[in-house]
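Peer 1: To start, I am sharing the structure in question, which I have written as structure tokens.
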Amino acid sequence: MRHDPAMFHKARVLRQVPLPIEAHLWQNLRDRRFRGLKFRRQAVVAGRVVAFLCASRRVVILVDGGEQGNIHATRALQQVGLCVIVPDAADPPGGSASVLQRLAAALDRQDGKVTGTG
């Protein structure tokens, strides 16, 4: 299945002007800074643009899309076997720390480790 070129263009445009939370997260995820894992930003996955993708661990982070948009995107991405992390509406503005905590917890669950969060 070929990806829609318009989605790749949309991803390219989104990379040029990131949201504040995306910029904060990218500083922690880029260059294998988070657990040595490779993350891509504004990646096209299952016909959607996700904020961040770690293909080796099958984890994506969704940042924007409104509550309804994230619910539908989350379901679609989970159906193709991806773990989806979404910032909570209760998170503080720029709440990248809580997203990183949820990401760490999800990775620990994949590894079979017990975590103290959640």
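Ordered as shown in the structure tokens, chains take letters A, B, and onward, while each chain numbers its residues from 1 and ligands are numbered from 1 in the order shown.
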Can you list, as a ChimeraX atom specification, all residues belonging to range 6-64 of chain A that DSSP tags as alpha helix (DSSP H)?
Peer 2: /A:6-16,20-29
Peer 1: Okay, now the selection with C-alpha atoms, as an mmCIF file, in the first residue's frame?
Peer 2:
```cif
data_model
loop_
_atom_site.group_PDB
_atom_site.id
_atom_site.type_symbol
_atom_site.label_atom_id
_atom_site.label_comp_id
_atom_site.auth_asym_id
_atom_site.auth_seq_id
_atom_site.Cartn_x
_atom_site.Cartn_y
_atom_site.Cartn_z
ATOM 1 C CA ALA A 6 -0.390 14.768 0.578
ATOM 2 C CA MET A 7 0.180 13.167 4.002
ATOM 3 C CA PHE A 8 3.955 13.410 3.573
ATOM 4 C CA HIS A 9 3.575 17.058 2.588
ATOM 5 C CA LYS A 10 1.407 17.683 5.657
ATOM 6 C CA ALA A 11 4.033 16.020 7.873
ATOM 7 C CA ARG A 12 6.768 18.182 6.362
ATOM 8 C CA VAL A 13 4.756 21.347 7.029
ATOM 9 C CA LEU A 14 4.033 20.278 10.626
ATOM 10 C CA ARG A 15 7.745 19.709 11.258
ATOM 11 C CA GLN A 16 8.468 23.306 10.306
ATOM 12 C CA PRO A 20 5.381 23.983 22.183
ATOM 13 C CA ILE A 21 4.853 20.508 23.661
ATOM 14 C CA GLU A 22 6.260 18.935 20.488
ATOM 15 C CA ALA A 23 9.367 21.103 20.717
ATOM 16 C CA HIS A 24 9.871 20.111 24.389
ATOM 17 C CA LEU A 25 9.328 16.433 23.644
ATOM 18 C CA TRP A 26 11.642 16.509 20.637
ATOM 19 C CA GLN A 27 14.465 17.881 22.771
ATOM 20 C CA ASN A 28 14.141 14.754 24.938
ATOM 21 C CA LEU A 29 13.556 12.227 22.153
#
```
Peer 1: Counting only C-alpha atoms, what is within 9 Å of range 103-114 of chain A, bar same-chain residues fewer than 6 positions away, as a PyMOL selection string?
Peer 2: chain A and resi 34-35+57+59+61+83-85
Peer 1: Once you have the residues from the selection above, write them out as a PDB file, in the first residue's frame, restricted to N, CA and C atoms.
Peer 2:
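Below is the file part_18.pdb, written as the result:
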```
ATOM      1  N   PHE A  34      16.379   9.367  24.572  1.00  0.00           N
ATOM      2  CA  PHE A  34      15.456   8.678  25.470  1.00  0.00           C
ATOM      3  C   PHE A  34      15.677   7.181  25.333  1.00  0.00           C
ATOM      4  N   ARG A  35      16.369   6.613  26.300  1.00  0.00           N
ATOM      5  CA  ARG A  35      16.630   5.170  26.371  1.00  0.00           C
ATOM      6  C   ARG A  35      17.333   4.604  25.140  1.00  0.00           C
ATOM      7  N   ARG A  57       9.939  -0.087  18.680  1.00  0.00           N
ATOM      8  CA  ARG A  57       9.121  -0.485  19.836  1.00  0.00           C
ATOM      9  C   ARG A  57       7.625  -0.369  19.549  1.00  0.00           C
ATOM     10  N   VAL A  59       5.669   2.266  19.123  1.00  0.00           N
ATOM     11  CA  VAL A  59       5.050   3.256  20.009  1.00  0.00           C
ATOM     12  C   VAL A  59       4.916   4.569  19.246  1.00  0.00           C
ATOM     13  N   ILE A  61       3.357   8.757  19.678  1.00  0.00           N
ATOM     14  CA  ILE A  61       2.851   9.808  20.563  1.00  0.00           C
ATOM     15  C   ILE A  61       2.018  10.739  19.702  1.00  0.00           C
ATOM     16  N   CYS A  83       1.288   0.979  20.251  1.00  0.00           N
ATOM     17  CA  CYS A  83       0.996   1.536  21.570  1.00  0.00           C
ATOM     18  C   CYS A  83       0.910   3.045  21.379  1.00  0.00           C
ATOM     19  N   VAL A  84      -0.161   3.658  21.864  1.00  0.00           N
ATOM     20  CA  VAL A  84      -0.401   5.086  21.632  1.00  0.00           C
ATOM     21  C   VAL A  84      -0.350   5.845  22.951  1.00  0.00           C
ATOM     22  N   ILE A  85       0.473   6.891  22.987  1.00  0.00           N
ATOM     23  CA  ILE A  85       0.586   7.777  24.144  1.00  0.00           C
ATOM     24  C   ILE A  85      -0.020   9.115  23.738  1.00  0.00           C
TER      25      ILE A  85
END
```
Peer 1: For Pro87 in chain A, please output as a ChimeraX atom specification all residues within 8 Å (counting only C-alpha atoms; exclusion window: fewer than 2 positions along the same chain).
Peer 2: /A:62-63,85,89,91,95,98-99
Peer 1: Output C-alpha atoms for every residue in the selection just made, as a PDB file, in the first residue's frame.
Peer 2:
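Ended up saving to again.pdb:
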```
ATOM      1  CA  LEU A  62      -0.137  11.887  19.438  1.00  0.00           C
ATOM      2  CA  VAL A  63      -0.042  15.537  20.446  1.00  0.00           C
ATOM      3  CA  ILE A  85       0.586   7.777  24.144  1.00  0.00           C
ATOM      4  CA  ALA A  89      -6.068  17.227  29.169  1.00  0.00           C
ATOM      5  CA  ASP A  91      -1.450  17.902  32.050  1.00  0.00           C
ATOM      6  CA  GLY A  95       3.362  18.869  29.889  1.00  0.00           C
ATOM      7  CA  SER A  98       4.099  13.568  32.117  1.00  0.00           C
ATOM      8  CA  VAL A  99       4.123  12.313  28.518  1.00  0.00           C
TER       9      VAL A  99
END
```
Peer 1: Hey, what's within 7 Å of Leu82 in chain A if we count only C-alpha atoms and toss same-chain stuff fewer than 3 positions away? As a list of chain:residue names, please?
Peer 2: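 Contacts, in chain order: A:Arg58, A:Val59, A:Val60, A:Leu77, A:Gln78.
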Peer 1: Output N, CA and C atoms for every residue in the selection just made, as a PDB file, in the first residue's frame.
Peer 2:
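selection_5.pdb was written with the following content:
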```
ATOM      1  N   ARG A  58       7.273   0.060  18.329  1.00  0.00           N
ATOM      2  CA  ARG A  58       5.870   0.187  17.898  1.00  0.00           C
ATOM      3  C   ARG A  58       5.083   1.098  18.844  1.00  0.00           C
ATOM      4  N   VAL A  59       5.669   2.266  19.123  1.00  0.00           N
ATOM      5  CA  VAL A  59       5.050   3.256  20.009  1.00  0.00           C
ATOM      6  C   VAL A  59       4.916   4.569  19.246  1.00  0.00           C
ATOM      7  N   VAL A  60       3.746   5.203  19.371  1.00  0.00           N
ATOM      8  CA  VAL A  60       3.550   6.531  18.796  1.00  0.00           C
ATOM      9  C   VAL A  60       3.060   7.479  19.880  1.00  0.00           C
ATOM     10  N   LEU A  77      -4.786   3.413  15.281  1.00  0.00           N
ATOM     11  CA  LEU A  77      -3.382   3.033  15.457  1.00  0.00           C
ATOM     12  C   LEU A  77      -3.236   1.778  16.303  1.00  0.00           C
ATOM     13  N   GLN A  78      -4.086   1.634  17.311  1.00  0.00           N
ATOM     14  CA  GLN A  78      -4.045   0.423  18.134  1.00  0.00           C
ATOM     15  C   GLN A  78      -4.447  -0.801  17.315  1.00  0.00           C
TER      16      GLN A  78
END
```
Peer 1: By how many Å are CA of Ala46 in chain A and CA of Arg75 in chain A apart?
Peer 2: 11.3 Å
Peer 1: Using only C-alpha atoms, which residues sit within 7 Å of Arg41 in chain A once same-chain residues fewer than 6 positions away are excluded, as a PDB file with N, CA and C atoms, in the first residue's frame?
Peer 2:
```
ATOM      1  N   ALA A  51       2.757  12.613  15.937  1.00  0.00           N
ATOM      2  CA  ALA A  51       3.793  13.544  16.375  1.00  0.00           C
ATOM      3  C   ALA A  51       5.145  12.855  16.448  1.00  0.00           C
ATOM      4  N   PHE A  52       5.187  11.648  17.048  1.00  0.00           N
ATOM      5  CA  PHE A  52       6.441  10.918  17.210  1.00  0.00           C
ATOM      6  C   PHE A  52       6.199   9.427  17.027  1.00  0.00           C
ATOM      7  N   LEU A  53       7.188   8.756  16.449  1.00  0.00           N
ATOM      8  CA  LEU A  53       7.114   7.323  16.212  1.00  0.00           C
ATOM      9  C   LEU A  53       8.435   6.680  16.598  1.00  0.00           C
TER      10      LEU A  53
END
```
Peer 1: For Arg32 in chain A, which residue out of A:Cys54, A:Val86, A:Ala76, A:Ile71 is the nearest one, using only C-alpha atoms?
Peer 2: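 Counting only C-alpha atoms, the residue closest to Arg32 in chain A is A:Cys54.
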Peer 1: Could you pull out the strand (DSSP E) residues of chain A from DSSP and send them as a count of residues only?
Peer 2: 19
Peer 1: Mind pulling up the distance from CA of Arg33 in chain A to CA of Leu19 in chain A?
Peer 2: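 According to the coordinates, CA of Leu19 in chain A and CA of Arg33 in chain A are separated by 19.9 Å.
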Peer 1: How many Å lie between CA of Asp31 in chain A and CA of Val45 in chain A, rounded to one decimal?
Peer 2: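 Result for CA of Asp31 in chain A versus CA of Val45 in chain A: 20.6 Å, one decimal.
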Peer 1: When distances are computed from only C-alpha atoms, which of A:Pro18, A:Arg30, A:Pro5, A:Asp88 shows the smallest separation from Arg48 in chain A?
Peer 2: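 Smallest separation from Arg48 in chain A among the options: A:Pro5.
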